[in-house]
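Structure file protein.txt (compact mmCIF, C-alpha atoms) is printed below.
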```
# COMPACT_ATOMS: atom_id res chain seq x y z
CA MET A 1 52.23 6.31 -83.29
CA ILE A 2 54.92 4.25 -85.09
CA GLN A 3 58.65 4.90 -85.15
CA ALA A 4 61.10 2.77 -87.12
CA ARG A 5 64.86 3.16 -86.99
CA ARG A 6 67.26 1.06 -89.09
CA LEU A 7 64.62 -1.64 -89.18
CA GLU A 8 65.81 -4.98 -90.49
CA LYS A 9 64.14 -8.33 -91.04
CA ARG A 10 65.82 -11.53 -92.17
CA TYR A 11 64.41 -14.97 -92.89
CA GLY A 12 67.46 -17.19 -92.51
CA ASP A 13 70.09 -15.86 -94.89
CA LYS A 14 67.59 -13.83 -96.85
CA ARG A 15 67.38 -10.15 -95.90
CA VAL A 16 63.85 -8.88 -96.60
CA LEU A 17 64.07 -5.41 -95.05
CA ARG A 18 67.13 -3.29 -94.45
CA GLY A 19 67.58 0.15 -92.92
CA VAL A 20 63.90 1.11 -93.00
CA GLU A 21 63.17 4.37 -91.17
CA PHE A 22 59.92 6.27 -90.77
CA ASP A 23 57.68 8.12 -88.33
CA LEU A 24 53.92 7.88 -88.42
CA GLY A 25 51.80 10.24 -86.34
CA ARG A 26 48.37 9.59 -84.83
CA ASP A 27 46.59 10.96 -87.88
CA GLY A 28 49.26 9.92 -90.39
CA PHE A 29 48.80 7.91 -93.55
CA MET A 30 51.87 6.02 -94.70
CA LEU A 31 51.74 4.76 -98.25
CA VAL A 32 54.01 1.75 -98.72
CA THR A 33 54.91 0.85 -102.28
CA GLY A 34 57.40 -1.44 -103.94
CA PRO A 35 57.63 -4.38 -106.33
CA ASN A 36 56.71 -7.95 -105.41
CA GLY A 37 59.11 -9.37 -102.83
CA SER A 38 60.28 -5.95 -101.66
CA GLY A 39 59.05 -6.61 -98.11
CA LYS A 40 55.75 -4.69 -97.95
CA THR A 41 53.83 -7.53 -96.30
CA THR A 42 56.75 -8.21 -93.94
CA LEU A 43 56.81 -4.56 -92.88
CA LEU A 44 53.06 -4.58 -92.26
CA ARG A 45 53.33 -7.77 -90.21
CA LEU A 46 56.06 -6.13 -88.12
CA CYS A 47 53.85 -3.07 -87.56
CA ALA A 48 50.94 -5.32 -86.53
CA GLY A 49 53.13 -7.23 -84.07
CA LEU A 50 52.79 -10.51 -85.97
CA ALA A 51 56.51 -10.79 -86.60
CA ALA A 52 59.62 -9.62 -84.75
CA ALA A 53 62.34 -7.49 -86.27
CA THR A 54 65.80 -9.02 -86.46
CA GLY A 55 67.54 -5.65 -86.29
CA GLY A 56 66.94 -1.98 -85.62
CA GLU A 57 64.09 -0.55 -83.60
CA LEU A 58 60.33 -0.48 -84.12
CA ARG A 59 58.08 1.27 -81.64
CA VAL A 60 54.32 0.91 -82.14
CA GLU A 61 52.39 2.96 -79.60
CA VAL A 62 48.97 1.43 -79.92
CA GLU A 63 47.24 -1.22 -77.83
CA ARG A 64 46.74 -4.59 -79.48
CA GLY A 65 42.96 -4.20 -79.40
CA ARG A 66 43.09 -0.79 -81.11
CA LEU A 67 44.79 -2.09 -84.23
CA GLY A 68 42.95 -3.27 -87.34
CA TYR A 69 44.83 -5.55 -89.72
CA LEU A 70 43.87 -6.55 -93.24
CA ALA A 71 46.08 -9.28 -94.67
CA HIS A 72 46.21 -11.14 -97.97
CA GLU A 73 44.09 -13.82 -96.29
CA PRO A 74 40.71 -12.65 -94.96
CA LEU A 75 41.42 -14.20 -91.50
CA VAL A 76 37.92 -15.63 -91.25
CA TYR A 77 36.70 -19.21 -90.79
CA ARG A 78 35.38 -20.57 -94.09
CA GLU A 79 32.91 -22.88 -92.34
CA LEU A 80 31.28 -20.06 -90.40
CA THR A 81 28.87 -17.52 -91.85
CA ALA A 82 29.79 -13.85 -92.19
CA LEU A 83 27.60 -13.07 -89.20
CA GLU A 84 29.20 -15.79 -87.04
CA ASN A 85 32.72 -14.69 -87.98
CA LEU A 86 32.04 -11.04 -87.15
CA ASP A 87 30.22 -12.02 -83.96
CA LEU A 88 33.27 -14.02 -82.82
CA TYR A 89 35.64 -11.12 -83.51
CA GLY A 90 33.16 -8.69 -81.96
CA ARG A 91 33.18 -10.71 -78.75
CA LEU A 92 36.98 -11.03 -78.67
CA TYR A 93 37.41 -7.29 -79.34
CA ARG A 94 34.65 -6.47 -76.83
CA VAL A 95 32.84 -4.30 -79.37
CA PRO A 96 30.01 -2.38 -77.69
CA GLU A 97 26.58 -2.95 -79.32
CA ARG A 98 28.19 -5.76 -81.26
CA ARG A 99 25.13 -6.90 -83.20
CA GLU A 100 24.17 -3.42 -84.37
CA ARG A 101 27.73 -2.65 -85.44
CA THR A 102 28.08 -6.00 -87.24
CA GLY A 103 24.79 -5.48 -89.06
CA MET A 104 25.71 -1.92 -90.01
CA LEU A 105 29.06 -2.98 -91.50
CA LEU A 106 27.58 -5.94 -93.38
CA GLU A 107 24.95 -3.66 -94.85
CA ARG A 108 27.47 -0.96 -95.73
CA PHE A 109 29.71 -3.46 -97.53
CA GLY A 110 26.84 -5.12 -99.37
CA LEU A 111 26.96 -8.44 -97.52
CA TRP A 112 23.73 -8.22 -95.54
CA ASP A 113 21.77 -10.53 -97.85
CA ALA A 114 24.60 -13.10 -97.73
CA ARG A 115 25.12 -12.84 -93.95
CA HIS A 116 23.89 -16.38 -93.28
CA GLU A 117 26.01 -17.96 -96.00
CA ARG A 118 29.29 -19.67 -95.17
CA ALA A 119 32.34 -17.55 -95.90
CA GLY A 120 33.72 -20.51 -97.87
CA SER A 121 31.00 -19.99 -100.47
CA TYR A 122 31.91 -16.32 -100.97
CA SER A 123 33.70 -15.02 -104.06
CA ARG A 124 37.15 -13.43 -103.69
CA GLY A 125 35.62 -9.96 -103.71
CA MET A 126 33.00 -10.83 -101.08
CA LEU A 127 35.72 -12.32 -98.86
CA GLN A 128 37.69 -9.10 -99.18
CA ARG A 129 34.62 -7.11 -98.18
CA LEU A 130 34.13 -9.42 -95.19
CA ALA A 131 37.80 -9.01 -94.26
CA LEU A 132 37.34 -5.23 -94.36
CA CYS A 133 34.30 -5.53 -92.07
CA ARG A 134 36.44 -7.60 -89.68
CA ALA A 135 39.29 -5.10 -89.70
CA LEU A 136 36.96 -2.11 -89.14
CA LEU A 137 34.63 -3.78 -86.63
CA HIS A 138 36.25 -2.41 -83.47
CA GLU A 139 36.87 1.14 -84.75
CA PRO A 140 40.68 0.84 -84.62
CA ASP A 141 43.03 3.76 -84.05
CA LEU A 142 45.61 2.25 -86.41
CA LEU A 143 44.70 0.45 -89.63
CA VAL A 144 47.33 -1.74 -91.26
CA LEU A 145 46.03 -2.58 -94.72
CA ASP A 146 47.83 -4.88 -97.12
CA GLU A 147 46.55 -4.46 -100.70
CA PRO A 148 42.98 -3.68 -99.57
CA TYR A 149 41.72 -3.10 -103.13
CA SER A 150 42.77 -6.60 -104.14
CA GLY A 151 39.79 -8.61 -105.41
CA LEU A 152 37.31 -5.73 -105.06
CA ASP A 153 35.07 -4.78 -107.98
CA ASP A 154 34.37 -1.11 -108.81
CA GLY A 155 31.55 -0.95 -106.28
CA GLY A 156 33.70 -2.44 -103.53
CA ALA A 157 36.63 -0.16 -104.35
CA THR A 158 34.34 2.90 -104.19
CA LEU A 159 33.03 1.73 -100.83
CA LEU A 160 36.59 1.46 -99.57
CA ASP A 161 37.39 4.94 -100.92
CA HIS A 162 34.48 6.35 -98.91
CA GLU A 163 35.58 4.44 -95.82
CA LEU A 164 39.13 5.81 -96.07
CA GLU A 165 37.82 9.33 -96.66
CA GLU A 166 35.61 9.14 -93.59
CA ARG A 167 38.25 7.59 -91.28
CA ARG A 168 41.25 9.58 -92.48
CA PRO A 169 41.03 12.41 -89.88
CA ARG A 170 40.80 10.11 -86.85
CA THR A 171 42.77 7.01 -87.81
CA ALA A 172 46.42 6.31 -88.60
CA PHE A 173 47.09 4.15 -91.65
CA VAL A 174 49.86 1.93 -92.91
CA PHE A 175 48.72 1.19 -96.43
CA ALA A 176 50.54 -1.11 -98.85
CA THR A 177 49.45 -1.03 -102.47
CA HIS A 178 50.53 -1.58 -106.06
CA ASP A 179 48.17 1.19 -107.14
CA PRO A 180 49.34 4.26 -105.18
CA GLY A 181 47.48 6.69 -107.48
CA ARG A 182 44.16 5.70 -105.96
CA VAL A 183 45.08 6.79 -102.40
CA GLU A 184 47.83 9.31 -103.14
CA ARG A 185 45.61 12.17 -101.91
CA PHE A 186 45.43 10.68 -98.40
CA ALA A 187 49.15 10.06 -97.95
CA SER A 188 51.18 12.05 -95.42
CA THR A 189 54.25 9.78 -95.60
CA ARG A 190 55.53 7.67 -98.48
CA LEU A 191 57.79 4.70 -98.13
CA SER A 192 59.13 3.05 -101.23
CA LEU A 193 60.74 -0.35 -100.69
CA ALA A 194 63.19 -1.67 -103.25
CA MET B 1 34.51 -12.96 -66.45
CA THR B 2 35.74 -11.45 -69.71
CA TYR B 3 38.42 -14.12 -69.93
CA LEU B 4 35.86 -16.88 -69.47
CA ALA B 5 33.59 -15.24 -72.04
CA ASP B 6 36.49 -15.28 -74.53
CA VAL B 7 37.19 -18.95 -73.75
CA GLY B 8 33.49 -19.75 -74.18
CA ALA B 9 33.29 -17.90 -77.51
CA LEU B 10 36.39 -19.69 -78.84
CA ALA B 11 35.26 -23.15 -77.67
CA ARG B 12 31.78 -22.57 -79.10
CA LYS B 13 33.37 -21.60 -82.40
CA ASP B 14 35.38 -24.84 -82.50
CA LEU B 15 32.31 -26.95 -81.80
CA LEU B 16 30.36 -25.09 -84.48
CA LEU B 17 33.20 -25.62 -86.96
CA GLU B 18 33.19 -29.35 -86.22
CA LEU B 19 29.42 -29.51 -86.51
CA ARG B 20 29.68 -27.96 -89.98
CA ALA B 21 32.85 -29.57 -91.34
CA ARG B 22 32.72 -32.93 -89.50
CA ASP B 23 36.36 -33.61 -90.30
CA THR B 24 37.68 -34.61 -86.86
CA LEU B 25 35.09 -36.30 -84.64
CA PRO B 26 33.82 -38.93 -87.12
CA ALA B 27 37.44 -39.96 -87.78
CA MET B 28 38.11 -40.22 -84.03
CA LEU B 29 34.99 -42.32 -83.45
CA LEU B 30 35.74 -44.65 -86.32
CA PHE B 31 39.37 -44.97 -85.27
CA VAL B 32 38.67 -45.81 -81.62
CA VAL B 33 36.05 -48.43 -82.48
CA SER B 34 38.12 -50.06 -85.23
CA THR B 35 41.18 -50.12 -82.97
CA LEU B 36 39.24 -51.90 -80.24
CA VAL B 37 37.90 -54.39 -82.79
CA VAL B 38 41.45 -55.11 -83.98
CA PHE B 39 42.68 -55.48 -80.38
CA HIS B 40 39.79 -57.86 -79.66
CA PHE B 41 41.04 -60.24 -82.32
CA VAL B 42 44.73 -59.71 -81.57
CA LEU B 43 44.55 -60.30 -77.80
CA PRO B 44 44.45 -63.99 -76.78
CA GLY B 45 41.25 -65.07 -75.05
CA ASP B 46 42.94 -65.82 -71.73
CA SER B 47 44.70 -62.45 -71.51
CA SER B 48 44.63 -60.49 -68.29
CA GLU B 49 42.44 -57.50 -67.51
CA LEU B 50 45.67 -55.51 -67.23
CA ALA B 51 46.56 -56.20 -70.87
CA ALA B 52 43.05 -55.30 -72.09
CA THR B 53 43.02 -52.05 -70.11
CA GLY B 54 46.47 -51.20 -71.41
CA LEU B 55 45.18 -51.60 -74.96
CA LEU B 56 42.19 -49.37 -74.18
CA TRP B 57 44.62 -46.63 -73.19
CA VAL B 58 46.64 -47.18 -76.34
CA ALA B 59 43.43 -46.69 -78.32
CA ILE B 60 42.54 -43.56 -76.31
CA VAL B 61 45.96 -41.96 -76.69
CA PHE B 62 46.13 -42.55 -80.45
CA THR B 63 42.53 -41.41 -80.94
CA ALA B 64 43.40 -38.21 -79.09
CA LEU B 65 46.46 -37.81 -81.28
CA LEU B 66 44.24 -38.03 -84.35
CA GLY B 67 42.13 -35.16 -83.05
CA LEU B 68 45.11 -33.13 -81.87
CA VAL B 69 46.78 -33.23 -85.29
CA ARG B 70 43.65 -31.51 -86.69
CA ALA B 71 43.17 -29.19 -83.69
CA PHE B 72 44.64 -26.08 -85.31
CA ALA B 73 43.96 -27.06 -88.94
CA ALA B 74 41.35 -24.35 -89.57
CA GLU B 75 43.51 -21.65 -88.00
CA ARG B 76 46.57 -22.77 -89.95
CA GLU B 77 45.01 -23.39 -93.36
CA GLN B 78 42.94 -20.20 -93.34
CA GLY B 79 45.52 -18.04 -91.56
CA VAL B 80 42.97 -17.17 -88.85
CA ILE B 81 45.52 -17.58 -86.09
CA ASP B 82 46.82 -14.09 -86.94
CA GLY B 83 43.35 -12.67 -86.40
CA LEU B 84 42.98 -14.44 -83.05
CA VAL B 85 46.44 -13.43 -81.85
CA LEU B 86 45.74 -9.77 -82.66
CA ALA B 87 42.56 -9.71 -80.57
CA PRO B 88 42.98 -8.05 -77.15
CA SER B 89 41.95 -11.16 -75.24
CA ASP B 90 44.57 -13.09 -73.29
CA ARG B 91 46.31 -15.47 -75.69
CA SER B 92 45.94 -18.37 -73.26
CA ALA B 93 42.19 -18.14 -73.97
CA ILE B 94 42.92 -19.50 -77.47
CA TRP B 95 44.57 -22.54 -75.89
CA LEU B 96 41.91 -23.03 -73.23
CA GLY B 97 39.05 -22.70 -75.73
CA LYS B 98 40.72 -25.25 -77.98
CA ALA B 99 41.44 -27.58 -75.02
CA LEU B 100 37.77 -27.42 -73.98
CA SER B 101 36.55 -28.33 -77.45
CA MET B 102 39.12 -31.15 -77.60
CA LEU B 103 37.82 -32.38 -74.24
CA VAL B 104 34.30 -32.52 -75.69
CA PHE B 105 35.56 -34.50 -78.71
CA LEU B 106 37.43 -36.91 -76.42
CA ALA B 107 34.41 -37.31 -74.13
CA LEU B 108 32.24 -38.15 -77.15
CA ALA B 109 34.85 -40.65 -78.35
CA GLU B 110 34.90 -42.30 -74.89
CA ILE B 111 31.11 -42.49 -74.84
CA VAL B 112 31.49 -44.79 -77.83
CA ALA B 113 34.78 -46.42 -76.77
CA LEU B 114 33.85 -47.51 -73.23
CA PRO B 115 30.73 -49.52 -74.18
CA ALA B 116 32.74 -51.06 -77.05
CA PHE B 117 35.48 -51.96 -74.56
CA GLY B 118 32.88 -53.45 -72.23
CA LEU B 119 31.47 -55.50 -75.10
CA PHE B 120 34.82 -56.89 -76.24
CA PHE B 121 36.90 -57.13 -73.06
CA GLY B 122 34.70 -57.16 -69.97
CA ASP B 123 33.35 -54.89 -67.27
CA VAL B 124 33.67 -51.13 -67.21
CA ASP B 125 33.67 -50.00 -63.59
CA GLY B 126 33.55 -46.57 -61.96
CA ALA B 127 37.32 -46.42 -61.43
CA LEU B 128 37.91 -46.96 -65.15
CA VAL B 129 35.41 -44.23 -66.09
CA ALA B 130 36.96 -41.83 -63.54
CA GLY B 131 40.44 -42.65 -64.84
CA VAL B 132 39.41 -42.08 -68.45
CA ALA B 133 37.63 -38.81 -67.60
CA LEU B 134 40.66 -37.44 -65.75
CA GLY B 135 42.98 -38.77 -68.44
CA ASP B 136 40.95 -36.90 -71.06
CA LEU B 137 41.45 -33.69 -69.07
CA GLY B 138 45.21 -34.20 -69.05
CA ILE B 139 45.37 -35.20 -72.70
CA ALA B 140 43.29 -32.19 -73.78
CA ALA B 141 45.34 -29.72 -71.72
CA VAL B 142 48.82 -31.00 -72.59
CA GLY B 143 47.97 -32.16 -76.10
CA THR B 144 46.41 -28.86 -77.18
CA LEU B 145 49.45 -26.93 -75.99
CA LEU B 146 51.75 -29.22 -77.96
CA ALA B 147 49.42 -29.13 -80.98
CA ALA B 148 49.66 -25.32 -80.97
CA MET B 149 53.46 -25.55 -80.89
CA ALA B 150 53.57 -28.20 -83.62
CA ALA B 151 51.09 -26.28 -85.81
CA ALA B 152 53.76 -23.66 -86.48
CA SER B 153 56.11 -26.31 -87.83
CA ARG B 154 56.20 -27.74 -91.35
CA ALA B 155 56.68 -31.27 -89.98
CA ARG B 156 53.70 -30.94 -87.64
CA GLU B 157 52.27 -34.44 -88.26
CA LEU B 158 55.65 -35.90 -87.33
CA LEU B 159 56.48 -33.52 -84.52
CA LEU B 160 53.24 -33.76 -82.55
CA PRO B 161 53.45 -37.52 -81.76
CA LEU B 162 57.12 -37.12 -80.86
CA LEU B 163 56.26 -34.35 -78.39
CA PHE B 164 52.98 -35.73 -77.14
CA LEU B 165 53.61 -39.44 -76.56
CA PRO B 166 56.42 -39.04 -73.98
CA LEU B 167 54.36 -36.47 -72.09
CA ALA B 168 51.30 -38.74 -72.19
CA ILE B 169 53.14 -41.47 -70.23
CA PRO B 170 52.19 -40.16 -66.76
CA ILE B 171 48.56 -39.94 -67.89
CA VAL B 172 48.65 -43.53 -69.15
CA ILE B 173 50.32 -44.76 -65.93
CA GLY B 174 47.63 -43.04 -63.86
CA GLY B 175 44.83 -44.27 -66.11
CA VAL B 176 45.92 -47.90 -66.22
CA GLY B 177 46.70 -47.86 -62.49
CA ALA B 178 43.27 -46.42 -61.66
CA SER B 179 41.63 -49.10 -63.79
CA VAL B 180 43.34 -52.30 -62.64
CA THR B 181 44.79 -51.94 -59.13
CA ASP B 182 42.92 -52.47 -55.89
CA ASP B 183 44.07 -49.06 -54.71
CA SER B 184 42.53 -47.18 -57.63
CA GLY B 185 41.87 -44.07 -55.53
CA ARG B 186 45.61 -43.39 -55.29
CA TYR B 187 45.94 -43.39 -59.09
CA VAL B 188 42.80 -41.32 -59.62
CA ALA B 189 44.27 -38.79 -57.18
CA PHE B 190 47.54 -38.91 -59.15
CA LEU B 191 45.61 -38.18 -62.37
CA ALA B 192 43.67 -35.38 -60.70
CA LEU B 193 47.00 -33.88 -59.65
```
Would it be possible to restate this file's structure as structure tokens?
Amino acid sequence: MIQARRLEKRYGDKRVLRGVEFDLGRDGFMLVTGPNGSGKTTLLRLCAGLAAATGGELRVEVERGRLGYLAHEPLVYRELTALENLDLYGRLYRVPERRERTGMLLERFGLWDARHERAGSYSRGMLQRLALCRALLHEPDLLVLDEPYSGLDDGGATLLDHELEERRPRTAFVFATHDPGRVERFASTRLSLA
Amino acid sequence: MTYLADVGALARKDLLLELRARDTLPAMLLFVVSTLVVFHFVLPGDSSELAATGLLWVAIVFTALLGLVRAFAAEREQGVIDGLVLAPSDRSAIWLGKALSMLVFLALAEIVALPAFGLFFGDVDGALVAGVALGDLGIAAVGTLLAAMAAASRARELLLPLLFLPLAIPIVIGGVGASVTDDSGRYVAFLAL
């Protein structure tokens, strides 16, 4: 699903990625680790098509609408409620039975009771849960997750564990984390950035 | 149909955001009225209709600029633009949805501005209203495109007026021409073009 050869990314004079190579199959799970500033987020943005490589080759064989992306920011409007945010994304992603799917995800991630509250009033953990709902809403074939456990409490982290477990056989993952032990069992490919 | 549905969803979202946050439209309304008040006192009493109409267009263009600077603020500050760009809808739908919501803001500003203009400077005729309506269309379409380009820049507040004002000149020429000449139809047609 993703092939990278001698991948390079520069911001001006600063080289963020250099000579990155990997293959990720349709049911692969690539665990991306590395210290702060090693280029994990940059690599994930390249895989999601949000940035262009400055060197090498990156081939991502998935349609734009079949990709789910979880960033550091939740990518939701703070002035809209959880329900309104997911409804907007559901429309743009043409999710079938949008309302049922939105309701099911909000309930699964413990946000149903807060569905009419503005996202701006959510705690960091609730925003992360909402961001996960947004990324999973359209049942993507490829999930690009940047530090998905960030901000989640034990309950939220367990929910995410279950979600990964359930999706693992039918979804490809690019997963960046500082805590690789938690998802080590899912990994088929490991990429350590220096 | 899907494209129009995307445009509708995005425009509806922008209107809802403004309804909740109220950080653009009130500023535009206050600005256009206060500008016309200032112009009323600045312009000599025996000034021509041409001068007054020219000042109305100055007020309209700068009011639009005020709204355009904020057009992509929510997407930029909350990083949502990445989420919108990743959606499978045509990316021009983001522009068109934003242009439609900007058109609504401009129309609401004119609903306040035109009676204020009539009060301070004289009659508001059909040609002036048609010119302003078509001018709003042009300003929303061109301005939103430039606002999207400027939003990616660090110097966006500086860049947008520099990009927008030269491109607004044909709209202003058409608008003023439609408002003050005897052959207003020619200028309205120019604006429609």
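Taking all atoms listed in the file into account, chain B lies nearest to A:Glu63 out of the set A:Glu107, A:Asp154, A:Glu63, A:Glu165.
When only C-alpha atoms are used to measure the gap to chain A, the shortest distance among B:Asp82, B:Asp136, B:Glu49, B:Asp125 belongs to B:Asp82.
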Subject >> Expected answer as number ranges by chain: chain A residues within 12 Å of chain B, all atoms listed in the file >> reply: A: 45, 47-51, 62-81, 84-95, 118-120, 131, 134-135, 137-138, 140, 144
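Across the model, the gap from atom CA of Leu152 of chain A to atom CA of Arg170 of chain A is 24.4 Å.
Atom CA of Lys14 of chain A is positioned 15.6 Å from atom CA of Leu193 of chain A.
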Subject >> Computed interatomic separation between atom CA of Ala4 of chain A and atom CA of Phe22 of chain A (Å) >> reply: 5.2 Å
Env of Ala71 of chain B: 8 Å cut, atoms = all atoms listed in the file, seq-sep filter 6 positions within chain, self excluded. Answer as an mmCIF file with C-alpha atoms, in the frame of the given file.
```
data_model
loop_
_atom_site.group_PDB
_atom_site.id
_atom_site.type_symbol
_atom_site.label_atom_id
_atom_site.label_comp_id
_atom_site.auth_asym_id
_atom_site.auth_seq_id
_atom_site.Cartn_x
_atom_site.Cartn_y
_atom_site.Cartn_z
ATOM 1 C CA LYS B 98 40.720 -25.250 -77.980
ATOM 2 C CA MET B 102 39.120 -31.150 -77.600
ATOM 3 C CA THR B 144 46.410 -28.860 -77.180
ATOM 4 C CA ALA B 147 49.420 -29.130 -80.980
#
```
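If only C-alpha atoms are the atoms counted, then among A:Gly110, A:Ala194, A:Thr158, A:Ala53 the closest residue to Gly37 of chain A is A:Ala194.
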**OP:** Do a neighbour search on Gly67 of chain B at 6 Å with all atoms listed in the file, toss out local chain neighbours closer than 3 positions, and write the hits as an MDAnalysis selection string.
**Re:** chainID B and resid 24 64 70
**OP:** Excluding Ala52 of chain B and any residue of its chain fewer than 4 positions from it, enumerate the residues within 7 Å of it, using only C-alpha atoms, and give them as an NGL selection string.
**Re:** :B and (48 or 56 or 121)
Subject >> Which residue of B:Thr63, B:Ser101, B:Ser179, B:Ser92 approaches Met28 of chain B most closely, using only C-alpha atoms >> reply: B:Thr63
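Counting only C-alpha atoms, the residue from A:Pro180, A:Gly25, A:Gly56, A:Gly103 that sits nearest to Glu147 of chain A is A:Pro180.
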